[in-house]
Structures are given as C-alpha cells and as structure tokens.
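In what follows, a single structure is set out as structure tokens and then discussed.
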Amino acid sequence: MSLTEQLGIEVPLICGAMYPCSNPELVAAVSAAGGIGVVQPLSMIYVYGHDLREGFRLIRRLTSKPVGMNVLIEQSSKFYLDRMKTWLDVALEEGVRFFVTSLGNPKWVVERVAPLGGVVYHDVTERKWAEKGLAGGVHGLIAVNDRAGGHAGPKSAAQLRDELGDLGVPLVCAGGIGDAAGFVAALKMGYAGVQMGTRFIATDECGAHADYKQAIVHASEADIVHTERVTGVPLAVIRTPYVERIGLKAGPIARWMLRGRRTKHWMRTIYALRSAWQLKRASLAGGAREASSKDYWQAGKSVAGIDRVEPAGAIVRRFAAALSATGTAPPVRPRA
Ligand SMILES: Cc1cc2nc3c(=O)[nH]c(=O)nc-3n(C[C@H](O)[C@H](O)[C@H](O)COP(=O)(O)O)c2cc1C
C-alpha cells in the first residue's frame, strides 16, 4: 500500500513534529491541504499551553482530515515514558491513527496502535535502528539524513535510500527539502514521501516569532551549523553571534559527565530540562541575531530552498502541483 493510501491523505508530504515549533494551527493547515501534520505533544502542552485532548479537538474544528502524533521514546526516564503512554492513549481516543516514533524501541507503540488499525513510522538514521524498528512491527521508516533540521543523521538521502531501500516498507525522506523541486526529486529517487520541518516554520500558521521565520528565509546553507551545547548531541541551528561566540562543542564539565556511566543519565536529564526551556524561549522571542542574545534558532539546510513566509497550505498545494506536472505518481514501495 502507498503512503497516501496507508494514511488516507492526498499528498505524500508530512509536516514533521517540531519541538518547539509545532502548534495546532500549523498541523491542521498541512492536513487540511492534503498532506499530514504531526503533533508534538510537548510543544502542544508546554510551549502553546493546550491540554493535549483540547489541542486535538481544536485541530478537529479546523480540519476533519487525518493528523499524526510524535512519540519520543526516552526509555531512561520512567516518569516521561509513563506520561508518553498516557498521551498515546489520549491521541487514540481522539481518533489519531498515525504515529511517528523517534529514539528507543517502538514495539509498545505498535502493540497499542496496530489493533486499532493505526500506522506507525519510525525515525531512523541508519540500518541498525531500522531493523530494530521493523522487529518491533513498524509499518514504515522515516530516513533522517545529514541535511535535516533538529537532530540530523550522519548519512545523505541517497545513502539512506540505498541502505534502507530493500527493507520492504515505505521509506520517507526527511531533511534538506525546502522547495517543490527537492520534493519531486526525492520521490523520483525512490522515496515514498517526504517529511519537512524547517520549511513549515516559515509559514503564517507557525507560532514561532516573526524574526525566527525571517532568519530562515534569509539563511543560506552555509549558515547552518551543528551544536552540542543545547541537547548534548549535535543539533542543527542557524549561526548567530551567540553561536559563534560560545562554540559548538559541549563544555568540559558536560563532556566529563556524559562519559561517566552514572553521571551520563544526570547530564542527559539536565540537558533535556534546560534545552526544553531554552528552545521554547528562543522560538517565541525575537532578536537572536542581537549580539547580546543567548537564544538558539533551530533550522536545517533546507533553508536554501526557502524564500518567503507563506501559508502552509500554499506549500502543500505547490508541491502537489509540481508532482502531478511530472506525470509520475509516487512509488508504491521503495526500490528493492
Ligand atoms: C525546530 C525543529 C524541531 C524538531 N523537533 C522534533 C521533535 O520534537 N521530534 C522529532 O521527531 N523530530 C523533530 N524535528 C525533525 C523534523 O520532524 C523533521 O524530520 C526535520 O525537520 C526534517 O528536516 P528539514 O528541517 O530539513 O525539513 C525537528 C526539526 C526542527 C527543524
């Protein structure tokens, strides 16, 4: 079955979950236009202040089309995992049937979702994680490449297509796509669909600050750097005066703690809490380009193809038109 058939959508285009940039209006706008928006529960609750169930109902009032939800599996915190299980149940009760899992083992998500007819796609950066996800029963893979926003992988889109193309499930390309030509090219490469993040930040519906959106519009690929200073692992951000000043490597104490068997868990928790707060503030505030700012703006190399802020639906429709102009339907399955 193709990605569009599997998800009940018209355009094989996913608006990926983004902490702290996914707000219900953005998710709804992408789905309403025929793609599919993915809710990031922490962003919904902690950044935009909605109760999760109310957030889904708000989306429902804006569109009756399908939406998805991101399930970040952070096994090291029982508190967080329990909360995630509750959020998954809320999403299922509210009719969500598409889930994108990241990190960890997605088996428990598949076991809850598949009996209700739902579909689970797993974010992966290499074959080892793909095989683990497939052993857990996932229905498709999202191949996160080295040009992606958020936590990029080490490999290119072509390498991932070759490495994961024979696994027998639809493969979605995530990373580096900012314009219609890139979207069509990914599908021609053999991908079943595309997941975009950065492109959808520069939209009217996204709740991020106008300065952040303009920074994406004006950035070139060379302005995207990977810093360890926010989450402890490389995160794609726009190079601002603060990023230049402070450098890209984790500090010496953090590095030492990340090496220790016990201390690494504390350090990860410290990073998780601090980055959640830091990124929320940065997304909602302007002025990260000011020399005095300590804010980070996340974006991937797809900034190269983004030249204006526009409605999310216009992007989905333009990409769909470019696809139908080629006369090629997206492949049912990735190339074996
Ligand atoms: C600001 C930002 C935040 C992100 N947060 C998440 C997240 O919380 N969970 C997740 O699975 N992926 C996250 N991602 C990855 C996106 O879902 C998507 O895979 C990625 O943005 C694709 O690359 P692109 O930005 O070049 O389009 C994030 C990406 C960005 C740009």
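In the structure tokens, chains take the letters A, B, ... in the order shown, each chain's residues start at 1, and ligands count up from 1 in the order shown.
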Within 8 Å of ligand 1, counting only C-alpha atoms and all ligand atoms, residues as a ChimeraX atom specification: /A:15-22,40,42-43,70-72,100-102,123,142,144-145,147-152,174-178,195-201,236,297-303
Excluding Thr269 of chain A and any residue of its chain fewer than 6 positions from it, enumerate the residues within 12 Å of it, using only C-alpha atoms, and give them as a CSV table (one decimal) with N, CA, C and O atoms, in the first residue's frame.
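Just written: result.csv:
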```
chain,number,residue,atom,x,y,z
A,74,GLU,N,11.8,8.0,25.3
A,74,GLU,CA,13.0,8.3,26.1
A,74,GLU,C,13.0,7.3,27.2
A,74,GLU,O,12.3,7.5,28.3
A,75,GLN,N,13.6,6.1,27.0
A,75,GLN,CA,13.5,5.0,28.0
A,75,GLN,C,14.1,5.3,29.3
A,75,GLN,O,13.7,4.7,30.3
A,76,SER,N,15.1,6.3,29.4
A,76,SER,CA,15.8,6.4,30.6
A,76,SER,C,15.0,7.1,31.7
A,76,SER,O,15.4,7.1,32.9
A,77,SER,N,13.9,7.7,31.4
A,77,SER,CA,13.0,8.4,32.4
A,77,SER,C,11.7,7.7,32.5
A,77,SER,O,10.9,7.8,31.5
A,78,LYS,N,11.4,7.0,33.6
A,78,LYS,CA,10.2,6.3,33.7
A,78,LYS,C,9.0,7.3,33.8
A,78,LYS,O,7.9,7.1,33.2
A,79,PHE,N,9.2,8.4,34.4
A,79,PHE,CA,8.2,9.5,34.5
A,79,PHE,C,7.8,9.9,33.1
A,79,PHE,O,6.6,10.0,32.8
A,80,TYR,N,8.8,10.2,32.3
A,80,TYR,CA,8.5,10.7,31.0
A,80,TYR,C,7.8,9.6,30.1
A,80,TYR,O,6.8,9.9,29.4
A,231,THR,N,21.5,20.2,23.4
A,231,THR,CA,21.0,19.0,23.9
A,231,THR,C,22.0,17.9,24.2
A,231,THR,O,21.7,16.8,24.6
A,232,GLY,N,23.3,18.3,24.0
A,232,GLY,CA,24.4,17.3,24.3
A,232,GLY,C,24.8,16.5,23.1
A,232,GLY,O,25.8,15.9,23.0
A,254,ALA,N,30.3,19.1,31.1
A,254,ALA,CA,29.3,18.3,30.5
A,254,ALA,C,29.9,17.1,29.8
A,254,ALA,O,29.4,16.0,29.9
A,257,MET,N,30.8,14.6,32.4
A,257,MET,CA,29.6,13.9,32.9
A,257,MET,C,29.0,12.9,31.9
A,257,MET,O,28.5,11.9,32.2
A,258,LEU,N,29.1,13.3,30.6
A,258,LEU,CA,28.5,12.4,29.6
A,258,LEU,C,29.2,11.1,29.4
A,258,LEU,O,28.7,10.2,28.9
A,262,ARG,N,27.2,6.6,35.4
A,262,ARG,CA,26.1,7.1,36.2
A,262,ARG,C,25.8,8.6,35.8
A,262,ARG,O,24.6,8.9,35.7
A,263,THR,N,26.8,9.3,35.7
A,263,THR,CA,26.6,10.8,35.5
A,263,THR,C,26.0,11.1,34.2
A,263,THR,O,25.4,12.1,34.0
A,275,SER,N,17.2,22.3,27.8
A,275,SER,CA,17.0,22.6,26.4
A,275,SER,C,15.5,22.9,26.1
A,275,SER,O,15.2,23.7,25.3
A,276,ALA,N,14.6,22.2,26.8
A,276,ALA,CA,13.2,22.4,26.6
A,276,ALA,C,12.9,23.8,26.9
A,276,ALA,O,12.1,24.5,26.1
```
Distance atom CA of Lys280 of chain A-atom CA of Gly207 of chain A, one decimal place?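 A separation of 11.0 Å between them.
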Quick one: residues within 8 Å of Leu7 of chain A, only C-alpha atoms, excluding same-chain residues fewer than 2 positions away - as an NGL selection string? :A and (3-5 or 9 or 66 or 98 or 119)
Find the residues around segment 310-312 of chain A up to 8 Å (only C-alpha atoms counted), leave out those fewer than 2 positions away in its own chain, and share them as a list in words.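 Surrounding residues, per the criterion: Leu26, Ala29, Val30, Phe200, Ala202, Thr203, Asp204, Glu205, Arg308, Ala314, Ile315 and Val316 of chain A.
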For Ala181 of chain A, which of A:Gly247, A:Pro106, A:Gly305, A:Gly286 is the closest residue, counting only C-alpha atoms?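 Closest to Ala181 of chain A of all the choices is A:Gly305.
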Please run DSSP on the backbone and report, as a list in words, all residues within segment 140-170 of chain A that come out as strand (DSSP E or B).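 Here is the list: Gly140, Leu141, Ile142, Ala143, Val144 and Gly150 of chain A.
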Kindly export the residues of the current selection with all heavy atoms, as a short mmCIF file (atom, residue, chain, number, x, y, z; two decimals), in the first residue's frame.
```cif
data_model
loop_
_atom_site.label_atom_id
_atom_site.label_comp_id
_atom_site.auth_asym_id
_atom_site.auth_seq_id
_atom_site.Cartn_x
_atom_site.Cartn_y
_atom_site.Cartn_z
N GLY A 140 6.48 1.63 8.49
CA GLY A 140 7.27 2.44 7.55
C GLY A 140 8.41 3.10 8.28
O GLY A 140 8.47 3.08 9.52
N LEU A 141 9.33 3.68 7.50
CA LEU A 141 10.53 4.29 8.09
C LEU A 141 10.67 5.73 7.59
O LEU A 141 10.38 6.02 6.43
CB LEU A 141 11.77 3.50 7.69
CG LEU A 141 11.82 2.05 8.19
CD1 LEU A 141 12.94 1.29 7.47
CD2 LEU A 141 12.03 2.00 9.71
N ILE A 142 11.13 6.59 8.47
CA ILE A 142 11.46 7.96 8.08
C ILE A 142 12.97 8.07 8.17
O ILE A 142 13.56 7.95 9.25
CB ILE A 142 10.75 8.98 8.99
CG1 ILE A 142 9.23 8.78 8.85
CG2 ILE A 142 11.18 10.40 8.63
CD1 ILE A 142 8.37 9.77 9.56
N ALA A 143 13.60 8.25 7.01
CA ALA A 143 15.06 8.25 6.93
C ALA A 143 15.55 9.69 7.13
O ALA A 143 15.42 10.54 6.25
CB ALA A 143 15.49 7.72 5.57
N VAL A 144 16.10 9.96 8.31
CA VAL A 144 16.54 11.31 8.67
C VAL A 144 17.99 11.47 8.21
O VAL A 144 18.89 10.78 8.71
CB VAL A 144 16.41 11.55 10.19
CG1 VAL A 144 16.85 12.96 10.55
CG2 VAL A 144 14.97 11.29 10.65
N GLY A 150 16.69 19.85 13.35
CA GLY A 150 16.63 19.01 14.55
C GLY A 150 17.92 18.23 14.70
O GLY A 150 18.99 18.72 14.39
#
```
Restricting to only C-alpha atoms, whichever of A:Ala130, A:Thr240, A:His209, A:Ile253 is closest to Ala282 of chain A is A:His209
Atom CA of Lys132 of chain A and atom CA of Leu167 of chain A are how many Å apart?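 Rounded to one decimal, the two atoms are 11.7 Å apart.
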Segment 94-334 of chain A: which residues are helix (DSSP H, G or I) by DSSP, as a PyMOL selection string? chain A and resi 107-116+127-135+157-164+180-188+198-201+210-218+221-223+241-246+252-259+263-284+301-305+312-326
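The space between atom CA of His122 of chain A and atom CA of Asp162 of chain A spans 17.5 Å.
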